[in-house]
file data38.tsv (TSV, C-alpha atoms)
chain	number	residue	atom	x	y	z
A	1	MET	CA	113.46	131.27	78.00
A	2	LEU	CA	116.63	132.98	79.22
A	3	ILE	CA	116.64	135.00	82.42
A	4	ASP	CA	119.31	137.69	82.64
A	5	LEU	CA	120.38	137.81	86.31
A	6	THR	CA	121.21	141.53	86.11
A	7	SER	CA	117.61	142.33	85.15
A	8	VAL	CA	116.08	140.60	88.20
A	9	GLY	CA	115.00	143.07	90.88
A	10	THR	CA	114.23	142.76	94.58
A	11	SER	CA	110.47	142.71	94.05
A	12	PRO	CA	109.13	139.40	92.69
A	13	LYS	CA	108.50	139.27	88.95
A	14	LYS	CA	105.86	136.78	87.79
A	15	LEU	CA	106.94	134.16	85.27
A	16	ARG	CA	104.51	131.94	83.41
A	17	THR	CA	105.45	129.87	80.40
A	18	GLU	CA	104.98	126.52	78.69
A	19	PHE	CA	107.68	124.35	77.18
A	20	ALA	CA	107.07	121.84	74.40
A	21	GLY	CA	107.82	118.36	75.72
A	22	THR	CA	110.16	117.77	72.79
A	23	LEU	CA	112.44	120.54	74.09
A	24	ILE	CA	113.03	118.81	77.42
A	25	ASP	CA	115.29	115.75	77.24
A	26	LEU	CA	114.81	113.46	80.23
A	27	GLU	CA	117.92	111.42	79.39
A	28	GLY	CA	116.16	108.11	78.80
A	29	GLU	CA	114.10	108.35	82.01
A	30	GLY	CA	110.88	108.87	80.05
A	31	GLU	CA	109.46	111.68	78.00
A	32	ILE	CA	107.13	114.59	78.50
A	33	VAL	CA	103.69	114.22	76.94
A	34	GLY	CA	102.39	117.53	75.65
A	35	ASP	CA	103.72	120.66	77.31
A	36	ALA	CA	105.42	121.30	80.65
A	37	ARG	CA	104.00	124.34	82.43
A	38	PHE	CA	105.91	126.66	84.74
A	39	ASP	CA	104.17	129.21	86.94
A	40	GLY	CA	106.39	131.12	89.35
A	41	GLU	CA	108.51	134.16	89.99
A	42	SER	CA	112.04	135.49	90.12
A	43	CYS	CA	113.50	137.92	92.64
A	44	ARG	CA	116.86	139.07	93.97
A	45	ASP	CA	118.11	138.65	97.52
A	46	GLU	CA	121.45	140.50	97.77
A	47	LYS	CA	123.76	138.70	95.30
A	48	ARG	CA	121.46	135.71	94.94
A	49	VAL	CA	118.60	135.29	92.48
A	50	HIS	CA	115.71	133.02	93.43
A	51	ILE	CA	113.62	131.30	90.80
A	52	ARG	CA	110.71	129.56	92.47
A	53	GLY	CA	107.40	128.19	91.43
A	54	MET	CA	105.41	125.17	90.34
A	55	ILE	CA	106.06	122.90	87.36
A	56	SER	CA	103.39	120.56	86.07
A	57	ALA	CA	103.81	118.01	83.31
A	58	GLU	CA	102.63	114.59	82.24
A	59	VAL	CA	105.43	112.06	81.81
A	60	ALA	CA	105.38	108.82	79.80
A	61	ILE	CA	107.54	106.29	81.61
A	62	ASP	CA	107.92	102.51	81.76
A	63	CYS	CA	106.99	100.31	84.72
A	64	THR	CA	110.14	99.27	86.57
A	65	ARG	CA	109.05	95.62	86.81
A	66	CYS	CA	107.22	94.77	83.58
A	67	LEU	CA	108.29	97.64	81.28
A	68	GLU	CA	104.70	98.47	80.32
A	69	PRO	CA	104.33	102.12	79.30
A	70	LEU	CA	102.35	104.35	81.65
A	71	ARG	CA	101.72	108.04	82.23
A	72	ARG	CA	102.03	110.01	85.43
A	73	LYS	CA	101.19	113.61	86.23
A	74	ILE	CA	104.06	115.36	88.00
A	75	GLU	CA	103.79	118.57	89.96
A	76	VAL	CA	106.96	120.04	91.42
A	77	ALA	CA	107.27	123.01	93.77
A	78	PHE	CA	110.82	124.34	94.00
A	79	ASP	CA	113.04	127.29	94.91
A	80	ASP	CA	116.38	127.42	93.09
A	81	VAL	CA	119.10	129.91	94.01
A	82	PHE	CA	121.55	131.26	91.44
A	83	VAL	CA	124.68	133.36	91.91
A	84	ASP	CA	126.34	135.25	89.07
A	85	GLY	CA	129.89	133.96	88.56
A	86	ALA	CA	131.12	137.54	88.11
A	87	HIS	CA	130.42	138.21	91.83
A	88	GLU	CA	132.35	135.20	93.10
A	89	SER	CA	135.86	135.18	94.53
A	90	ARG	CA	138.71	134.42	92.11
A	91	ARG	CA	140.74	132.63	94.80
A	92	SER	CA	141.67	129.03	93.99
A	93	GLU	CA	140.42	127.83	97.37
A	94	THR	CA	137.24	129.03	99.06
A	95	GLU	CA	135.51	127.64	102.12
A	96	LEU	CA	131.86	126.84	101.48
A	97	THR	CA	129.06	127.05	104.00
A	98	THR	CA	126.05	124.73	104.06
A	99	ALA	CA	123.92	127.43	102.41
A	100	ASP	CA	126.43	127.67	99.53
A	101	LEU	CA	125.74	124.05	98.60
A	102	ASP	CA	122.18	124.95	97.57
A	103	GLU	CA	123.32	127.63	95.12
A	104	ALA	CA	124.12	127.24	91.44
A	105	LEU	CA	126.95	129.30	89.99
A	106	VAL	CA	125.99	130.93	86.68
A	107	ILE	CA	128.68	131.72	84.16
A	108	GLY	CA	127.66	134.37	81.64
A	109	GLY	CA	124.93	135.92	83.78
A	110	ARG	CA	121.98	134.07	82.20
A	111	VAL	CA	119.87	131.15	83.37
A	112	ASP	CA	118.04	128.98	80.84
A	113	LEU	CA	114.64	128.26	82.40
A	114	THR	CA	114.32	125.17	80.18
A	115	ASP	CA	117.31	123.63	81.99
A	116	VAL	CA	115.82	124.49	85.38
A	117	VAL	CA	112.51	122.85	84.47
A	118	ARG	CA	114.27	119.76	83.07
A	119	GLU	CA	116.39	119.35	86.21
A	120	GLN	CA	113.39	119.69	88.54
A	121	ILE	CA	111.35	117.13	86.58
A	122	LEU	CA	114.25	114.65	86.64
A	123	LEU	CA	114.61	115.12	90.40
A	124	ALA	CA	110.87	114.59	90.89
A	125	LEU	CA	110.72	111.31	88.97
A	126	PRO	CA	110.46	108.35	91.33
A	127	GLU	CA	113.34	105.90	91.38
A	128	GLN	CA	110.90	103.04	90.85
A	129	ILE	CA	107.46	103.33	89.34
A	130	PHE	CA	104.98	100.48	88.96
A	131	CYS	CA	101.98	100.04	86.68
A	132	ARG	CA	100.14	98.68	89.70
A	133	GLU	CA	101.11	97.82	93.25
A	134	ASP	CA	101.02	94.05	92.70
A	135	CYS	CA	102.90	94.07	89.36
A	136	ARG	CA	104.44	90.63	88.84
A	137	GLY	CA	107.13	91.80	86.43
A	138	LEU	CA	108.87	89.83	83.70
A	139	CYS	CA	109.74	86.13	83.79
A	140	PRO	CA	113.53	85.80	84.12
A	141	LYS	CA	113.50	82.74	81.83
A	142	CYS	CA	111.26	83.58	78.87
A	143	GLY	CA	110.85	87.35	79.34
A	144	GLY	CA	107.06	87.16	79.30
A	145	ASN	CA	105.00	89.70	81.19
A	146	ARG	CA	103.66	87.76	84.20
A	147	ASN	CA	100.74	90.20	84.50
A	148	LEU	CA	99.45	89.05	81.11
A	149	ILE	CA	100.43	85.38	80.86
A	150	ASP	CA	101.24	82.42	83.05
A	151	CYS	CA	104.38	81.29	81.28
A	152	ASN	CA	104.71	77.99	83.20
A	153	CYS	CA	108.48	78.32	83.33
A	154	GLU	CA	109.86	76.11	86.06
A	155	ARG	CA	110.10	78.34	89.11
A	156	GLU	CA	111.75	75.82	91.39
A	157	GLU	CA	114.90	75.43	89.32
A	158	ILE	CA	117.92	75.87	91.57
A	159	ASP	CA	121.05	77.63	90.49
A	160	PRO	CA	123.70	74.85	90.34
A	161	ARG	CA	126.07	76.96	92.44
A	162	TRP	CA	123.59	76.75	95.34
A	163	ALA	CA	122.35	73.17	94.81
A	164	ALA	CA	124.53	71.75	97.62
A	165	LEU	CA	122.77	73.95	100.15
A	166	LYS	CA	119.44	72.20	99.40
A	167	ASN	CA	120.67	69.05	101.19
A	168	LEU	CA	121.50	70.87	104.45
A	169	ASN	CA	118.99	70.62	107.27
call {"tool": "encode", "arguments": {"input": "data38.tsv", "output": "structure tokens"}}
result
Amino acid sequence: MLIDLTSVGTSPKKLRTEFAGTLIDLEGEGEIVGDARFDGESCRDEKRVHIRGMISAEVAIDCTRCLEPLRRKIEVAFDDVFVDGAHESRRSETELTTADLDEALVIGGRVDLTDVVREQILLALPEQIFCREDCRGLCPKCGGNRNLIDCNCEREEIDPRWAALKNLN
């Protein structure tokens, strides 16, 4: 769904749409199961266009420790600000304010809502996600999932580079 910035008025316009999960590439961070839903609005504030709302989706992602697949429901509330590139200064150097850092410059006057949804989902994904709080992860020797098996790999083996430190008291 493309939003033409020139068509956005000062009164909020409701936006409600669903995106097929296959249309949103999460760059190897997982994948969307089913559809991602967006329910929000767009409105203009002087030269800025706000797109705000709530995104909800179910994401299939792997546990950080044991790599077991799991699913998590994600709900993201956001308010993105866009500025049409045609209204910006053509000077080679421009001083930015703190508020300018939260704005996205749009070249061509159109915002692809699919890209906005994708970006917000990626930002909402946790850096680390675990299948359970006490996940034991993978064995560094045999690669077995320690949640499922007791691999009996020797755990007390000392890296030979540190072996001399064992004799210090």
call {"tool": "atom_distance", "arguments": {"input": "data38.tsv", "atom1": "atom CA of A:Pro160", "atom2": "atom CA of A:Gly144"}}
result
23.5 Å
call {"tool": "axis_aligned_box", "arguments": {"input": "data38.tsv", "around": "stretch 22-33 of chain A", "padding_each_side": "3 Å", "output": "AutoDock Vina command-line options"}}
result
--center_x 110.8 --center_y 114.3 --center_z 77.4 --size_x 20.2 --size_y 18.4 --size_z 15.2
call {"tool": "atom_distance", "arguments": {"input": "data38.tsv", "atom1": "atom CA of A:Glu18", "atom2": "atom CA of A:Gly109"}}
result
22.6 Å
call {"tool": "residues_around", "arguments": {"input": "data38.tsv", "residues": "stretch 5-8 of chain A", "least_positions_apart": "4", "cutoff": "12 Å", "atoms": "all atoms listed in the file", "output": "count of residues only"}}
result
31
call {"tool": "residues_near_point", "arguments": {"input": "data38.tsv", "point": "(111.5, 115.9, 85.1)", "cutoff": "9 Å", "atoms": "all atoms listed in the file", "output": "PyMOL selection string"}}
result
chain A and resi 24-26+29-32+57+59+74+76+117-125
call {"tool": "atom_distance", "arguments": {"input": "data38.tsv", "atom1": "atom CA of A:Arg146", "atom2": "atom CA of A:Cys66"}}
result
7.9 Å
call {"tool": "closest_residue", "arguments": {"input": "data38.tsv", "among": "A:Asp4, A:Glu75, A:Asp150, A:Asp39", "to": "A:Ser56", "atoms": "only C-alpha atoms"}}
result
A:Glu75
call {"tool": "residues_around", "arguments": {"input": "data38.tsv", "residues": "A:Gly137", "least_positions_apart": "6", "cutoff": "12 Å", "atoms": "all atoms listed in the file", "output": "PyMOL selection string"}}
result
chain A and resi 62-68+129-131+143-150
call {"tool": "closest_residue", "arguments": {"input": "data38.tsv", "among": "A:Thr17, A:Asn152, A:Thr22, A:Thr10", "to": "A:Gly53", "atoms": "all atoms listed in the file"}}
result
A:Thr17
call {"tool": "residues_near_point", "arguments": {"input": "data38.tsv", "point": "(103.4, 107.8, 80.6)", "cutoff": "6 Å", "atoms": "all atoms listed in the file", "output": "MDAnalysis selection string"}}
result
chainID A and resid 59:61 69:72
call {"tool": "closest_residue", "arguments": {"input": "data38.tsv", "among": "A:Cys153, A:Gly9, A:Phe19, A:Arg136", "to": "A:Thr114", "atoms": "only C-alpha atoms"}}
result
A:Phe19
call {"tool": "residues_around", "arguments": {"input": "data38.tsv", "residues": "A:Lys166", "least_positions_apart": "6", "cutoff": "12 Å", "atoms": "only C-alpha atoms", "output": "ChimeraX atom specification"}}
result
/A:156-160
call {"tool": "closest_residue", "arguments": {"input": "data38.tsv", "among": "A:Cys135, A:Leu168, A:Ile55, A:Ala163", "to": "A:Arg37", "atoms": "all atoms listed in the file"}}
result
A:Ile55
